[in-house]
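Asker: Supplied structure: work_23.txt, compact mmCIF, N, CA, C and O atoms.
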# COMPACT_ATOMS: atom_id res chain seq x y z
N MET A 223 53.18 -9.59 -65.44
CA MET A 223 53.66 -8.32 -64.93
C MET A 223 54.55 -7.67 -65.96
O MET A 223 55.23 -8.33 -66.72
N SER A 224 54.58 -6.36 -65.89
CA SER A 224 55.39 -5.65 -66.87
C SER A 224 56.84 -5.56 -66.41
O SER A 224 57.14 -5.67 -65.24
N GLU A 225 57.67 -5.35 -67.37
CA GLU A 225 59.10 -5.25 -67.10
C GLU A 225 59.40 -3.86 -66.52
O GLU A 225 58.88 -2.85 -66.98
N HIS A 226 60.20 -3.81 -65.49
CA HIS A 226 60.56 -2.54 -64.84
C HIS A 226 61.74 -1.91 -65.57
O HIS A 226 62.80 -2.51 -65.69
N ARG A 227 61.53 -0.68 -66.06
CA ARG A 227 62.60 0.02 -66.76
C ARG A 227 62.79 1.38 -66.08
O ARG A 227 62.03 2.31 -66.34
N PRO A 228 63.80 1.50 -65.21
CA PRO A 228 64.01 2.73 -64.45
C PRO A 228 64.14 3.98 -65.30
O PRO A 228 63.66 5.02 -64.94
N ASP A 229 64.81 3.84 -66.44
CA ASP A 229 65.00 5.04 -67.26
C ASP A 229 63.66 5.57 -67.76
O ASP A 229 63.45 6.76 -67.85
N THR A 230 62.70 4.70 -68.06
CA THR A 230 61.39 5.12 -68.52
C THR A 230 60.62 5.78 -67.39
O THR A 230 59.99 6.82 -67.57
N ARG A 231 60.68 5.20 -66.19
CA ARG A 231 59.97 5.76 -65.04
C ARG A 231 60.52 7.15 -64.71
O ARG A 231 59.77 8.09 -64.46
N GLU A 232 61.84 7.30 -64.73
CA GLU A 232 62.45 8.60 -64.44
C GLU A 232 62.04 9.62 -65.49
O GLU A 232 61.75 10.77 -65.17
N ASP A 233 62.02 9.20 -66.74
CA ASP A 233 61.59 10.11 -67.81
C ASP A 233 60.15 10.53 -67.60
O ASP A 233 59.80 11.70 -67.75
N LEU A 234 59.30 9.59 -67.22
CA LEU A 234 57.89 9.88 -66.99
C LEU A 234 57.72 10.84 -65.81
O LEU A 234 56.99 11.83 -65.90
N GLU A 235 58.40 10.58 -64.70
CA GLU A 235 58.30 11.45 -63.53
C GLU A 235 58.80 12.85 -63.86
O GLU A 235 58.20 13.84 -63.45
N SER A 236 59.86 12.94 -64.61
CA SER A 236 60.40 14.24 -65.01
C SER A 236 59.39 14.98 -65.87
O SER A 236 59.16 16.18 -65.69
N HIS A 237 58.76 14.27 -66.79
CA HIS A 237 57.77 14.87 -67.69
C HIS A 237 56.55 15.35 -66.90
O HIS A 237 56.04 16.44 -67.15
N VAL A 238 56.08 14.56 -65.94
CA VAL A 238 54.91 14.92 -65.14
C VAL A 238 55.22 16.17 -64.32
O VAL A 238 54.41 17.09 -64.23
N GLU A 239 56.39 16.23 -63.72
CA GLU A 239 56.78 17.40 -62.92
C GLU A 239 56.82 18.66 -63.77
O GLU A 239 56.44 19.73 -63.32
N GLU A 240 57.26 18.54 -65.01
CA GLU A 240 57.31 19.70 -65.89
C GLU A 240 55.91 20.19 -66.23
O GLU A 240 55.69 21.38 -66.41
N ASP A 241 54.95 19.26 -66.35
CA ASP A 241 53.59 19.63 -66.71
C ASP A 241 52.83 20.26 -65.55
O ASP A 241 51.89 21.00 -65.75
N LEU A 242 53.20 19.94 -64.31
CA LEU A 242 52.52 20.50 -63.15
C LEU A 242 52.95 21.94 -62.95
O LEU A 242 54.14 22.25 -62.95
N GLN A 243 51.98 22.81 -62.78
CA GLN A 243 52.28 24.21 -62.56
C GLN A 243 51.52 24.68 -61.32
O GLN A 243 50.39 24.26 -61.08
N GLU A 244 52.14 25.54 -60.55
CA GLU A 244 51.46 26.14 -59.41
C GLU A 244 50.38 27.07 -59.93
O GLU A 244 50.58 27.74 -60.95
N PRO A 245 49.24 27.14 -59.24
CA PRO A 245 48.22 28.08 -59.69
C PRO A 245 48.72 29.51 -59.49
O PRO A 245 49.51 29.77 -58.58
N PRO A 246 48.26 30.43 -60.33
CA PRO A 246 48.70 31.81 -60.17
C PRO A 246 48.20 32.39 -58.84
O PRO A 246 47.13 32.01 -58.36
N LEU A 247 48.98 33.28 -58.27
CA LEU A 247 48.61 33.91 -57.02
C LEU A 247 48.19 35.35 -57.28
O LEU A 247 48.65 35.98 -58.24
N PHE A 248 47.32 35.86 -56.42
CA PHE A 248 46.79 37.20 -56.57
C PHE A 248 46.95 37.99 -55.27
O PHE A 248 46.68 37.47 -54.19
N LYS A 249 47.36 39.25 -55.41
CA LYS A 249 47.44 40.15 -54.27
C LYS A 249 46.05 40.74 -54.04
O LYS A 249 45.40 41.17 -55.00
N VAL A 250 45.62 40.77 -52.79
CA VAL A 250 44.38 41.44 -52.44
C VAL A 250 44.77 42.80 -51.88
O VAL A 250 45.61 42.90 -50.98
N LEU A 251 44.17 43.85 -52.44
CA LEU A 251 44.55 45.22 -52.12
C LEU A 251 43.39 46.00 -51.52
O LEU A 251 42.25 45.88 -51.98
N LEU A 252 43.67 46.81 -50.52
CA LEU A 252 42.71 47.77 -49.99
C LEU A 252 43.10 49.15 -50.49
O LEU A 252 44.29 49.47 -50.56
N HIS A 253 42.09 49.97 -50.80
CA HIS A 253 42.32 51.32 -51.31
C HIS A 253 41.81 52.34 -50.30
O HIS A 253 40.74 52.18 -49.71
N ASN A 254 42.56 53.40 -50.14
CA ASN A 254 42.20 54.45 -49.21
C ASN A 254 41.00 55.24 -49.74
O ASN A 254 40.82 55.38 -50.94
N ASP A 255 40.16 55.71 -48.83
CA ASP A 255 39.09 56.63 -49.16
C ASP A 255 38.94 57.61 -47.99
O ASP A 255 39.57 57.44 -46.96
N ASP A 256 38.11 58.62 -48.18
CA ASP A 256 37.95 59.65 -47.15
C ASP A 256 36.85 59.34 -46.14
O ASP A 256 36.57 60.18 -45.28
N TYR A 257 36.23 58.18 -46.22
CA TYR A 257 35.07 57.88 -45.38
C TYR A 257 35.24 56.69 -44.45
O TYR A 257 34.73 56.70 -43.34
N THR A 258 35.90 55.65 -44.92
CA THR A 258 36.06 54.44 -44.11
C THR A 258 37.01 54.73 -42.95
O THR A 258 38.09 55.27 -43.15
N THR A 259 36.58 54.37 -41.75
CA THR A 259 37.41 54.66 -40.57
C THR A 259 38.60 53.72 -40.50
O THR A 259 38.57 52.58 -40.98
N MET A 260 39.65 54.20 -39.86
CA MET A 260 40.84 53.38 -39.66
C MET A 260 40.52 52.17 -38.81
O MET A 260 41.02 51.07 -39.06
N GLU A 261 39.65 52.36 -37.83
CA GLU A 261 39.25 51.25 -36.94
C GLU A 261 38.55 50.14 -37.72
O GLU A 261 38.79 48.95 -37.48
N PHE A 262 37.69 50.54 -38.67
CA PHE A 262 36.99 49.53 -39.47
C PHE A 262 37.97 48.77 -40.36
O PHE A 262 37.85 47.55 -40.52
N VAL A 263 38.94 49.46 -40.94
CA VAL A 263 39.94 48.80 -41.78
C VAL A 263 40.74 47.79 -40.95
O VAL A 263 40.96 46.66 -41.39
N VAL A 264 41.13 48.16 -39.75
CA VAL A 264 41.84 47.23 -38.87
C VAL A 264 40.97 46.02 -38.58
O VAL A 264 41.42 44.87 -38.62
N GLU A 265 39.69 46.26 -38.31
CA GLU A 265 38.75 45.16 -38.02
C GLU A 265 38.63 44.21 -39.22
O GLU A 265 38.65 42.99 -39.05
N ILE A 266 38.54 44.76 -40.41
CA ILE A 266 38.47 43.95 -41.64
C ILE A 266 39.73 43.10 -41.78
O ILE A 266 39.67 41.90 -42.07
N LEU A 267 40.88 43.71 -41.55
CA LEU A 267 42.15 42.99 -41.68
C LEU A 267 42.26 41.87 -40.65
O LEU A 267 42.80 40.80 -40.95
N GLU A 268 41.73 42.08 -39.48
CA GLU A 268 41.76 41.04 -38.44
C GLU A 268 40.78 39.91 -38.75
O GLU A 268 41.12 38.73 -38.65
N LYS A 269 39.56 40.27 -39.15
CA LYS A 269 38.50 39.27 -39.35
C LYS A 269 38.62 38.53 -40.67
O LYS A 269 38.49 37.31 -40.71
N VAL A 270 38.83 39.24 -41.75
CA VAL A 270 38.84 38.63 -43.08
C VAL A 270 40.20 38.04 -43.43
O VAL A 270 40.29 36.96 -44.01
N PHE A 271 41.27 38.74 -43.02
CA PHE A 271 42.61 38.33 -43.42
C PHE A 271 43.41 37.69 -42.28
O PHE A 271 44.57 37.35 -42.45
N HIS A 272 42.77 37.57 -41.11
CA HIS A 272 43.37 36.91 -39.94
C HIS A 272 44.72 37.50 -39.55
O HIS A 272 45.66 36.78 -39.22
N LYS A 273 44.80 38.83 -39.60
CA LYS A 273 46.01 39.53 -39.19
C LYS A 273 45.95 39.84 -37.70
O LYS A 273 44.87 40.03 -37.13
N SER A 274 47.10 39.91 -37.07
CA SER A 274 47.16 40.35 -35.68
C SER A 274 46.84 41.84 -35.66
O SER A 274 46.88 42.52 -36.69
N THR A 275 46.54 42.36 -34.49
CA THR A 275 46.24 43.79 -34.38
C THR A 275 47.42 44.63 -34.86
O THR A 275 47.24 45.62 -35.57
N ALA A 276 48.63 44.22 -34.52
CA ALA A 276 49.83 44.96 -34.94
C ALA A 276 49.98 44.94 -36.46
O ALA A 276 50.24 45.98 -37.09
N GLU A 277 49.81 43.75 -37.08
CA GLU A 277 49.92 43.65 -38.54
C GLU A 277 48.83 44.46 -39.22
O GLU A 277 49.08 45.16 -40.21
N ALA A 278 47.61 44.35 -38.69
CA ALA A 278 46.47 45.06 -39.27
C ALA A 278 46.69 46.57 -39.21
O ALA A 278 46.41 47.30 -40.17
N THR A 279 47.22 47.03 -38.10
CA THR A 279 47.49 48.47 -37.94
C THR A 279 48.55 48.93 -38.94
O THR A 279 48.41 49.99 -39.56
N GLN A 280 49.60 48.14 -39.13
CA GLN A 280 50.65 48.49 -40.10
C GLN A 280 50.09 48.56 -41.52
O GLN A 280 50.39 49.49 -42.26
N ILE A 281 49.27 47.59 -41.89
CA ILE A 281 48.69 47.58 -43.24
C ILE A 281 47.76 48.78 -43.40
O ILE A 281 47.77 49.47 -44.42
N MET A 282 46.93 49.04 -42.38
CA MET A 282 46.00 50.18 -42.43
C MET A 282 46.77 51.48 -42.61
O MET A 282 46.38 52.33 -43.42
N LEU A 283 47.87 51.65 -41.87
CA LEU A 283 48.66 52.88 -42.01
C LEU A 283 49.28 52.98 -43.40
O LEU A 283 49.38 54.07 -43.97
N ASN A 284 49.69 51.86 -43.96
CA ASN A 284 50.22 51.83 -45.32
C ASN A 284 49.15 52.28 -46.32
O ASN A 284 49.42 53.07 -47.22
N VAL A 285 47.94 51.75 -46.15
CA VAL A 285 46.83 52.15 -47.02
C VAL A 285 46.58 53.65 -46.87
O VAL A 285 46.42 54.38 -47.86
N HIS A 286 46.55 54.13 -45.63
CA HIS A 286 46.28 55.54 -45.35
C HIS A 286 47.35 56.45 -45.96
O HIS A 286 47.03 57.47 -46.57
N ARG A 287 48.60 56.08 -45.81
CA ARG A 287 49.71 56.93 -46.27
C ARG A 287 49.96 56.84 -47.78
O ARG A 287 50.31 57.83 -48.42
N ASN A 288 49.82 55.64 -48.33
CA ASN A 288 50.18 55.41 -49.74
C ASN A 288 48.98 55.27 -50.68
O ASN A 288 49.16 55.12 -51.88
N GLY A 289 47.79 55.22 -50.11
CA GLY A 289 46.60 55.10 -50.94
C GLY A 289 46.20 53.68 -51.27
O GLY A 289 45.11 53.43 -51.78
N ILE A 290 47.07 52.73 -50.98
CA ILE A 290 46.79 51.33 -51.29
C ILE A 290 47.69 50.45 -50.42
O ILE A 290 48.79 50.87 -50.04
N GLY A 291 47.21 49.26 -50.10
CA GLY A 291 48.02 48.35 -49.30
C GLY A 291 47.67 46.90 -49.58
O GLY A 291 46.52 46.58 -49.90
N VAL A 292 48.66 46.04 -49.47
CA VAL A 292 48.47 44.61 -49.73
C VAL A 292 48.03 43.92 -48.44
O VAL A 292 48.69 44.02 -47.41
N CYS A 293 46.91 43.21 -48.53
CA CYS A 293 46.37 42.47 -47.38
C CYS A 293 46.90 41.05 -47.33
O CYS A 293 46.95 40.44 -46.27
N GLY A 294 47.24 40.49 -48.49
CA GLY A 294 47.73 39.13 -48.56
C GLY A 294 47.81 38.67 -49.99
O GLY A 294 47.34 39.36 -50.91
N VAL A 295 48.40 37.50 -50.19
CA VAL A 295 48.54 36.91 -51.52
C VAL A 295 47.94 35.51 -51.46
O VAL A 295 48.31 34.70 -50.59
N TYR A 296 47.01 35.22 -52.39
CA TYR A 296 46.23 33.99 -52.33
C TYR A 296 46.00 33.43 -53.73
O TYR A 296 46.07 34.16 -54.72
N PRO A 297 45.61 32.15 -53.80
CA PRO A 297 45.13 31.61 -55.08
C PRO A 297 43.89 32.40 -55.52
O PRO A 297 43.20 33.01 -54.68
N GLU A 298 43.60 32.38 -56.78
CA GLU A 298 42.55 33.23 -57.36
C GLU A 298 41.20 33.13 -56.65
O GLU A 298 40.59 34.15 -56.31
N GLU A 299 40.70 31.92 -56.43
CA GLU A 299 39.38 31.77 -55.83
C GLU A 299 39.35 32.29 -54.39
O GLU A 299 38.35 32.88 -53.96
N VAL A 300 40.41 32.10 -53.65
CA VAL A 300 40.49 32.60 -52.28
C VAL A 300 40.51 34.13 -52.31
O VAL A 300 39.80 34.80 -51.54
N ALA A 301 41.30 34.71 -53.21
CA ALA A 301 41.38 36.16 -53.34
C ALA A 301 40.01 36.74 -53.69
O ALA A 301 39.59 37.74 -53.10
N GLU A 302 39.31 36.12 -54.64
CA GLU A 302 37.99 36.59 -55.03
C GLU A 302 37.02 36.58 -53.84
O GLU A 302 36.26 37.53 -53.64
N THR A 303 37.08 35.51 -53.07
CA THR A 303 36.20 35.39 -51.90
C THR A 303 36.50 36.48 -50.88
O THR A 303 35.59 37.10 -50.32
N LYS A 304 37.77 36.75 -50.65
CA LYS A 304 38.15 37.78 -49.67
C LYS A 304 37.70 39.16 -50.14
O LYS A 304 37.21 39.97 -49.35
N VAL A 305 37.84 39.46 -51.42
CA VAL A 305 37.38 40.74 -51.97
C VAL A 305 35.86 40.87 -51.75
O VAL A 305 35.38 41.92 -51.30
N GLU A 306 35.12 39.82 -52.04
CA GLU A 306 33.67 39.83 -51.85
C GLU A 306 33.31 40.02 -50.38
O GLU A 306 32.37 40.77 -50.06
N MET A 307 34.02 39.36 -49.49
CA MET A 307 33.76 39.50 -48.06
C MET A 307 33.98 40.94 -47.59
O MET A 307 33.18 41.49 -46.84
N VAL A 308 35.07 41.54 -48.04
CA VAL A 308 35.37 42.93 -47.67
C VAL A 308 34.26 43.84 -48.16
O VAL A 308 33.74 44.68 -47.40
N HIS A 309 33.86 43.71 -49.42
CA HIS A 309 32.80 44.56 -49.96
C HIS A 309 31.48 44.36 -49.21
O HIS A 309 30.79 45.34 -48.90
N HIS A 310 31.16 43.13 -48.90
CA HIS A 310 29.91 42.84 -48.17
C HIS A 310 29.93 43.51 -46.80
O HIS A 310 28.97 44.19 -46.42
N LEU A 311 31.01 43.31 -46.04
CA LEU A 311 31.09 43.89 -44.70
C LEU A 311 31.14 45.41 -44.75
O LEU A 311 30.53 46.09 -43.89
N ALA A 312 31.83 45.97 -45.72
CA ALA A 312 31.91 47.42 -45.84
C ALA A 312 30.53 48.01 -46.12
O ALA A 312 30.11 48.97 -45.46
N ARG A 313 29.80 47.45 -47.07
CA ARG A 313 28.47 47.97 -47.41
C ARG A 313 27.51 47.81 -46.23
O ARG A 313 26.73 48.70 -45.93
N LYS A 314 27.60 46.66 -45.57
CA LYS A 314 26.75 46.39 -44.41
C LYS A 314 26.96 47.44 -43.31
O LYS A 314 26.03 47.78 -42.58
N ASN A 315 28.19 47.96 -43.22
CA ASN A 315 28.53 48.94 -42.19
C ASN A 315 28.53 50.38 -42.72
O ASN A 315 28.95 51.30 -42.02
N GLY A 316 28.08 50.55 -43.97
CA GLY A 316 27.93 51.89 -44.53
C GLY A 316 29.22 52.55 -45.01
O GLY A 316 29.29 53.77 -45.10
N PHE A 317 30.22 51.76 -45.35
CA PHE A 317 31.48 52.31 -45.83
C PHE A 317 31.70 51.97 -47.31
O PHE A 317 31.32 50.89 -47.77
N PRO A 318 32.34 52.89 -48.04
CA PRO A 318 32.62 52.64 -49.47
C PRO A 318 33.99 51.99 -49.71
O PRO A 318 34.58 52.18 -50.77
N LEU A 319 34.48 51.25 -48.76
CA LEU A 319 35.82 50.66 -48.85
C LEU A 319 35.98 49.86 -50.13
O LEU A 319 35.17 49.00 -50.44
N LYS A 320 37.04 50.16 -50.87
CA LYS A 320 37.31 49.46 -52.14
C LYS A 320 38.40 48.42 -51.91
O LYS A 320 39.44 48.71 -51.30
N CYS A 321 38.16 47.23 -52.41
CA CYS A 321 39.10 46.13 -52.31
C CYS A 321 39.20 45.51 -53.70
O CYS A 321 38.19 45.24 -54.33
N THR A 322 40.43 45.30 -54.17
CA THR A 322 40.64 44.72 -55.49
C THR A 322 41.69 43.63 -55.39
O THR A 322 42.28 43.41 -54.34
N MET A 323 41.90 42.96 -56.51
CA MET A 323 42.94 41.95 -56.59
C MET A 323 43.68 42.09 -57.90
O MET A 323 43.11 42.56 -58.89
N GLU A 324 44.94 41.71 -57.89
CA GLU A 324 45.75 41.72 -59.11
C GLU A 324 46.74 40.57 -59.03
O GLU A 324 47.13 40.15 -57.94
N GLU A 325 47.12 40.08 -60.20
CA GLU A 325 48.04 38.96 -60.22
C GLU A 325 49.37 39.36 -59.60
O GLU A 325 49.88 40.45 -59.84
N ALA A 326 49.87 38.47 -58.75
CA ALA A 326 51.13 38.75 -58.03
C ALA A 326 52.33 38.55 -58.91
O ALA A 326 52.31 37.89 -59.89
Go ahead and express the file in the form of structure tokens.
Answerer:
Amino acid sequence: MSEHRPDTREDLESHVEEDLQEPPLFKVLLHNDDYTTMEFVVEILEKVFHKSTAEATQIMLNVHRNGIGVCGVYPEEVAETKVEMVHHLARKNGFPLKCTMEEA
């Protein structure tokens, strides 16, 4: 068996913790347009982003008033999937709703 040296183990644990990094997070954004209905945006926020009706309505109003709104912050692959889901559902329902992501 090897000799136990606490100072070496602590140094190793400290070094490992320094090397571990959280994955970057991305904001998923909805953009206002003149065609997508407010009701559809609320539905997207409820179904894709699992927002309550109250939260979805607040985000939708933010998008409507400011031209853009944050739906959530996710790891990159999750954000990409949510953007794709929004685009798929929007096109399927005949809306040009734009959804993008940017690093948080």
Asker: Between atom O of Ile281 of chain A and atom O of Val263 of chain A, what is the distance in Å, rounded to a tenth?
Answerer: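 Atom O of Ile281 of chain A sits 8.0 Å away from atom O of Val263 of chain A.
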Asker: Give the answer as one residue: which of A:Tyr257, A:Phe271, A:Phe262, A:Phe317 has the shortest atom-to-atom distance to Val295 of chain A, using only C-alpha atoms?
Answerer: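 Using only C-alpha atoms, the shortest distance to Val295 of chain A belongs to A:Phe271.
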Asker: What does the distance from atom CA of Ile266 of chain A to atom O of Met323 of chain A come to in Å, to one decimal?
Answerer: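 These two atoms are separated by 17.9 Å.
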Asker: What does the distance from atom C of His286 of chain A to atom C of Thr259 of chain A come to in Å, to one decimal?
Answerer: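 Pair atom C of His286 of chain A / atom C of Thr259 of chain A returns 10.7 Å.
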Asker: With only C-alpha atoms as the counted atoms, please give the residues lying no more than 9 Å from Lys320 of chain A, apart from itself and same-chain residues fewer than 2 positions off, as a VMD selection string.
Answerer: chain A and resid 251 to 255 305 308 to 309 312 318 322
Asker: Need to verify the contact set: Tyr296 of chain A, 6 Å, all atoms listed in the file, exclusion of same-chain residues closer than 5 positions in sequence. Can you return it as number ranges by chain?
Answerer: A: 246-250, 301
Asker: Which of these residues is nearest to Glu302 of chain A, using only C-alpha atoms: A:Glu244, A:Leu283, A:Lys269, A:Cys321?
Answerer: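 Of all the options, A:Cys321 lies closest to Glu302 of chain A.
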Asker: May I have the residues within 8 Å of Glu277 of chain A as number ranges by chain, using all atoms listed in the file and disregarding those fewer than 5 positions away in the same chain?
Answerer: A: 264, 267-268, 282-284, 292-293
Asker: Chain A: which residues are strand (DSSP E) by DSSP, as a PyMOL selection string?
Answerer: chain A and resi 247-253+290-297+320-325
Asker: Counting only N, CA, C and O atoms, which residue out of A:Val270, A:Ala276, A:Val285, A:Leu242 sits closest to Lys304 of chain A?
Answerer: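 Using only N, CA, C and O atoms, the shortest distance to Lys304 of chain A belongs to A:Val270.
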Asker: With 5 Å added on each side, what axis-aligned box encloses every listed atom of segment 256-260 of chain A? Give the centre and edge lengths in Å to one decimal, as lines of an AutoDock Vina configuration file.
Answerer:
center_x = 37.9
center_y = 55.6
center_z = -43.5
size_x = 16.3
size_y = 19.1
size_z = 19.4
Asker: Can you list, as a ChimeraX atom specification, every residue of segment 249-319 of chain A that DSSP puts in helix (DSSP H, G or I)?
Answerer: /A:260-269,275-288,298-314
Asker: Using only N, CA, C and O atoms, which of the listed residues (A:Glu325, A:Arg287, A:Leu319, A:Ala278) sits closest to Met260 of chain A?
Answerer: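 Closest to Met260 of chain A, using only N, CA, C and O atoms: A:Ala278.
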